[in-house]
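Novice: Right, I'll just put the structure down here and ask away after.
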Amino acid sequence: MVRGATFVVFVLPVVFSVIFGSVVMMDILQEPGRELNLMQFDSIEEKSHNEPLELVGLKEQYAVSEPVQIQVINDNLAFSCGDLYITIYTIDDNAITQSGYFHQCFDAGNSFLPIDETFSEVIDIPGEYKLVVDFLDQNQKNSITTSEKFIVK
C-alpha cells in the first residue's frame with residue numbers, strides 16, 4: 001500500500017509533468033520563426049567578439065606630431081544607435097586617451113561615426129599602441145568591439 005501511494009504521489013506527477021512539458025514545447029517549436037536555443041551565452045559572445053565595426057583612416061604608422069584620425073563604419077544592423085567610445089592604449093594596456101560620442105545613430109545620411117566629426121588625437125611618445133572602438137547599444141546592455149594596432153615613430 002505504501003509503495004502504491006509513493007508511486008502515485010511522487011513518481012506519477014513527475015512523469016506527467018515531463019510528458020506535458022514535452023508536448024507543450026513541441027507545439028511551440030512548430031510555430032514559424034521559433035527555435036530552441038539552449039546556448040544563449042554563445043550568441044551574446046558572438047555579438048561582442050564579431051567585428052562588424054570597420055575603422056576608416058587608421059594608418060599602420062604615424063610620426064610623433066601627426067594626428068591619429070579615424071572614423072567608424074558599423075555593419076551590424078542590431079546596433080543602429082548607441083554610444084561610441086574610442087580609446088588608445090599603450091601596448092601594455094594603459095589607456096592614454098579616450099573619447100566618447102553619445103547618441104550616435106546610423107542612417108542613410110550618417111554612414112560614418114562619430115557623426116559630423118572625426119576622432120583625432122596626437123600622440124607625442126614613440127611606441128606601439130592599440131586603438132579600441134566600443135559601440136554600446138541604446139540600452140547599454142550589448143556591445144560590439146574592434147581594435148587595431150599602430151606605431152608612432
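Residue names in the C-alpha cells use chain letters A, B, ... in the order shown, residue numbers from 1 in each chain, and ligand numbers from 1 in the order shown.
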Quick check for you: according to DSSP on this backbone, which residues of region 18-149 of chain A are classed as helix (DSSP H, G or I)? Reply as a ChimeraX atom specification.

Specialist: /A:18-29,40-49

Novice: Report the residues of chain A whose backbone DSSP state falls under strand (DSSP E or B), written as a PyMOL selection string.

Specialist: chain A and resi 53-56+61-62+67-74+81-90+95-105+107+110+113+119-122+127-137+143-152

Novice: So that I can check the surroundings of region 67-77 of chain A, please list as a PyMOL selection string every protein, DNA and RNA residue that reaches within 6 Å of it, counting only C-alpha atoms and ignoring chain neighbours fewer than 6 positions away.

Specialist: chain A and resi 52-58+112-113+118-122

Novice: Give me, as a PyMOL selection string, all polymer residues having an atom no more than 9 Å from Tyr62 (chain A), counting only C-alpha atoms and skipping those fewer than 2 positions away in the same chain.

Specialist: chain A and resi 59-60+64-68+123+150-153

Novice: Taking only C-alpha atoms into account, which of A:Lys149, A:His103, A:Lys130, A:Arg3 comes nearest Phe79 (chain A)?

Specialist: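 Using only C-alpha atoms, the shortest distance to Phe79 (chain A) belongs to A:His103.
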
Novice: For CA of Ser147 (chain A) and CA of Gly82 (chain A), quote the distance in Å rounded to one decimal.

Specialist: 18.2 Å

Novice: Can you pull out the residues contacting Leu136 (chain A)? Cut-off 8 Å, using only C-alpha atoms, and skip same-chain residues under 3 positions away; I want them as a PyMOL selection string.

Specialist: chain A and resi 79+82-84+139-144

Novice: Go ahead and save the residues from that selection, with N, CA, C and O atoms, as a short mmCIF file (atom, residue, chain, number, x, y, z; two decimals), in the first residue's frame.

Specialist:
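Output file again-v8.cif follows:
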```cif
data_model
loop_
_atom_site.label_atom_id
_atom_site.label_comp_id
_atom_site.auth_asym_id
_atom_site.auth_seq_id
_atom_site.Cartn_x
_atom_site.Cartn_y
_atom_site.Cartn_z
N PHE A 79 22.87 47.20 -34.06
CA PHE A 79 23.46 48.33 -33.34
C PHE A 79 23.33 49.59 -34.19
O PHE A 79 24.30 50.17 -34.63
N GLY A 82 23.54 54.16 -30.45
CA GLY A 82 24.19 53.88 -29.18
C GLY A 82 25.30 54.87 -28.90
O GLY A 82 25.38 55.94 -29.49
N ASP A 83 26.18 54.48 -27.98
CA ASP A 83 27.30 55.32 -27.58
C ASP A 83 28.60 54.72 -28.10
O ASP A 83 28.83 53.52 -27.98
N LEU A 84 29.44 55.58 -28.66
CA LEU A 84 30.70 55.17 -29.26
C LEU A 84 31.85 55.63 -28.36
O LEU A 84 31.89 56.80 -27.96
N ASN A 139 20.49 50.63 -24.88
CA ASN A 139 20.16 50.19 -23.53
C ASN A 139 21.40 49.92 -22.68
O ASN A 139 21.28 49.51 -21.53
N GLN A 140 22.59 50.09 -23.25
CA GLN A 140 23.86 49.86 -22.56
C GLN A 140 23.98 48.41 -22.08
O GLN A 140 24.61 48.14 -21.06
N LYS A 141 23.38 47.45 -22.82
CA LYS A 141 23.43 46.05 -22.41
C LYS A 141 24.33 45.22 -23.32
O LYS A 141 24.93 44.25 -22.87
N ASN A 142 24.41 45.55 -24.59
CA ASN A 142 25.22 44.79 -25.54
C ASN A 142 26.22 45.73 -26.19
O ASN A 142 25.99 46.93 -26.30
N SER A 143 27.34 45.16 -26.61
CA SER A 143 28.35 45.99 -27.25
C SER A 143 29.03 45.21 -28.36
O SER A 143 29.02 43.98 -28.38
N ILE A 144 29.60 45.96 -29.28
CA ILE A 144 30.46 45.39 -30.30
C ILE A 144 31.78 46.14 -30.23
O ILE A 144 31.82 47.32 -29.88
#
```
